[in-house]
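Read through the structure below, which is laid out as structure tokens, and then see the notes.
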Amino acid sequence: MSLLRDRNFLLLFAGQGVSRFGDGLYTAATAWLAWSLTKDPAAVAMVSVSAFAPAFVATFVAASYADRCDRRKLMIATDLARLAVVAVAFVLLSLNLLNLALLVATTALLALIGAPFAPARNAIVTQIVPDDRLQQANGLLQVAFRAAFFVGPLMLAPLLAFGSLQSALAVNGLTFLGSAAAVAAIHVTRPAPTTGQTGLWSDLGAGLRAVRAAPDVLVVIVTFVLALALTNGFLTVGLVAVVGQGGQYGLLLGVAGVAEVVGALFLAGLRIRRLALAAVLAWALLGIFRAPLGTVTSHAVAAVLLTATGLASALTDIPLIALVQQRIPSHHLAKALGLWEAGVAGALAVSPFVASTAITLTGAADAFLLSGAAVVVLAVTAALTLACVGPRQPGQEPFVMADGTASVAGPEETAVSTAKPE
């Protein structure tokens with residue numbers, strides 16, 4: 001991939017791959033530590049929720065700083081702050097002082113500190129990559145994210161066999177340091193526009209108006225969040241109920257993860273003209289292949305279905321990120337991406353409960369069918385909505401002004417509209 005020959009993008013690609021490796025390792029390590037401390041599944045769930053709840057509450061607000069501050073410096077500061085938190089957890093664990101309450105607090109604090117990082121990272125891509133290569137850039141970054149996060153948990157076993165949980169925390173801390181070093185070496189050649197001395201709440205309001213001025217972006221974000229809430233829990237809670245064997249369960253999760261990596265790599269080399277439509281219809285494809293998963297009795301068939309859903313999963317977010325990067329002005333970009341990240345965190349927090357409730361009430365087979373059907377209906381509805389809100393008539397392109405308010409450009413103004421067409 002030619003983008004990997006670009007120094008700035010290669011640094012971002014490598015640094016964030018290292019960072020996501022650490023995230024995957026930390027997620028597995030804290031789950032295992034919670035189980036070791038309590039032997040209670042509820043404790044493991046509590047730690048998992050503590051990783052998502054703060055992000056749901058704080059990400060959109062924190063993303064405002066990524067639009068009003070230097071994104072590169074903010075990412076470095078966030079990485080170093082999280083390194084400090086992991087170092088404290090390392091010391092507490094070494095002194096046998098890290099109990100469940102402190103583990104939950106540490107995980108929540110990491111999530112809170114990290115709230116502005118993902119929006120800043122996704123927004124800074126537009127400062128180092130040309131507009132016509134955003135989809136390729138996002139595809140390659142998703143390859144790094146998914147592959148590294150998938151490998152991270154696999155490293156827990158050898159680290160525990162030849163070291164300890166402290167070594168897992170130490171490795172995670174080093175990944176934050178590596179990420180900060182990589183970002184520090186990036187040269188941002190096109191500084192993001194700033195909005196001057198705009199206050200926090202005024203900036204957030206302007207960001208929301210910017211998203212409303214791009215209805216296709218809003219439709220795709222809402223569709224993604226709702227679909228994730230309807231489906232994600234079935235990949236964990238639901239798959240356990242179907243498979244019933246720990247080894248096979250892990251293998252099938254691995255199949256789905258590898259398929260997502262392959263899908264992201266494929267999309268990195270594919271040019272999609274209608275990003276919004278592709279992003280919503282990918283959920284319909286995922287729902288079609290996910291629906292029969294609860295009825296299969298063969299692990300081979302389950303692997304085929306999960307491969308298809310993994311490929312579709314890559315198609316749901318890569319076009320979405322590129323669409324937001326193209327349609328939202330730079331000075332509101334992190335907030336728009338933060339709105340999506342916050343929605344994702346909320347969906348991930350509630351999705352296991354959606355899946356477990358559906359399975360309890362209807363059984364695994366019917367619950368999978370209902371989930372798949374609901375996602376297909378949601379995706380088709382979103383596609384029809386996109387057909388209604390765009391494309392707009394010539395001379396009626398919406399654009400977002402510096403204060404975030406929407407207006408309508410006349411024919412002679414369309415060429416200078418700040419909202420880029422899909």
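Chain labels A, B, ... are given in the sequence in which chains occur in the structure tokens; within each chain residues are numbered consecutively from 1, and ligands are likewise numbered from 1 in the order shown.
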Discussion item. So that I can see what lies close to Ala118 in chain A, please list as a VMD selection string the residues with an atom at most 9 Å from it, counting only C-alpha atoms and leaving out residues fewer than 5 positions away in the same chain.
Written reply: chain A and resid 59 63 75 123 334 337 to 338 341
Let me see the file: selected residues, C-alpha atoms, as an mmCIF file, in the first residue's frame.
```cif
data_model
loop_
_atom_site.group_PDB
_atom_site.id
_atom_site.type_symbol
_atom_site.label_atom_id
_atom_site.label_comp_id
_atom_site.auth_asym_id
_atom_site.auth_seq_id
_atom_site.Cartn_x
_atom_site.Cartn_y
_atom_site.Cartn_z
ATOM 1 C CA THR A 59 -16.341 11.137 24.806
ATOM 2 C CA ALA A 63 -13.857 15.554 21.769
ATOM 3 C CA MET A 75 -3.006 12.490 21.918
ATOM 4 C CA ALA A 123 -9.692 13.579 12.980
ATOM 5 C CA ALA A 334 -13.536 15.428 16.312
ATOM 6 C CA LEU A 337 -16.482 11.416 15.530
ATOM 7 C CA GLY A 338 -16.790 11.722 19.307
ATOM 8 C CA GLU A 341 -17.601 6.927 19.644
#
```
Discussion item. Which residues are near Thr381 in chain A? Cut-off 10 Å, only C-alpha atoms, ignore same chain within fewer than 3 positions. Put them as a ChimeraX atom specification.
Written reply: /A:219,223,280-281,375-378,384-387
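The shortest atom-to-atom distance to Val258 in chain A, with only C-alpha atoms taken into account, belongs to A:Val143 out of A:Ala241, A:Leu134, A:Ala89, A:Val143.
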Discussion item. Quick one: residues within 12 Å of Ala182 in chain A, only C-alpha atoms, excluding same-chain residues fewer than 5 positions away - as number ranges by chain?
Written reply: A: 7-19, 72-73, 75-76, 79, 175-177, 187
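CA of Asn122 in chain A to CA of Asn138 in chain A spans 8.3 Å [interatomic distance, one decimal].
Within the 10 Å cut-off around Thr106 in chain A, using only C-alpha atoms and omitting residues fewer than 2 positions from it on the same chain, the listed residues are Thr30, Val47, Ser50, Ala51, Arg82, Val85, Val86, Val88, Ala89, Leu98, Leu100, Ala101, Leu102, Leu103, Val104, Ala108, Leu109, Leu110, Ala111 and Leu112 of chain A.
Residues surrounding Ala382 in chain A within 12 Å are Pro215, Asp216, Val217, Leu218, Val219, Val220, Ile221, Val222, Thr223, Phe224, Leu226, Ala227, Ala276, Leu277, Ala278, Ala279, Val280, Leu281, Ala282, Trp283, Ala284, Val375, Val376, Cys388 and Val389 of chain A [only C-alpha atoms; sequence separation below 6 positions excluded].
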Residues from the last selection, C-alpha atoms, saved as a tab-separated table (two decimals), in the first residue's frame:
```tsv
chain	number	residue	atom	x	y	z
A	215	PRO	CA	-28.30	14.48	7.51
A	216	ASP	CA	-26.63	11.58	5.74
A	217	VAL	CA	-23.94	11.56	8.43
A	218	LEU	CA	-26.57	11.63	11.17
A	219	VAL	CA	-28.52	8.74	9.59
A	220	VAL	CA	-25.40	6.58	9.29
A	221	ILE	CA	-24.27	7.28	12.87
A	222	VAL	CA	-27.70	6.54	14.37
A	223	THR	CA	-27.99	3.36	12.28
A	224	PHE	CA	-24.57	2.17	13.41
A	226	LEU	CA	-28.71	1.06	17.06
A	227	ALA	CA	-27.48	-1.88	14.98
A	276	ALA	CA	-23.36	6.40	3.38
A	277	LEU	CA	-25.37	3.79	1.49
A	278	ALA	CA	-22.59	1.21	1.75
A	279	ALA	CA	-22.29	1.76	5.50
A	280	VAL	CA	-25.99	1.17	6.22
A	281	LEU	CA	-26.54	-1.71	3.77
A	282	ALA	CA	-23.56	-3.53	5.29
A	283	TRP	CA	-25.71	-3.95	8.41
A	284	ALA	CA	-28.40	-5.64	6.31
A	375	VAL	CA	-31.03	-5.19	11.84
A	376	VAL	CA	-32.16	-5.83	8.26
A	388	CYS	CA	-35.07	11.02	0.93
A	389	VAL	CA	-32.42	13.33	2.40
```
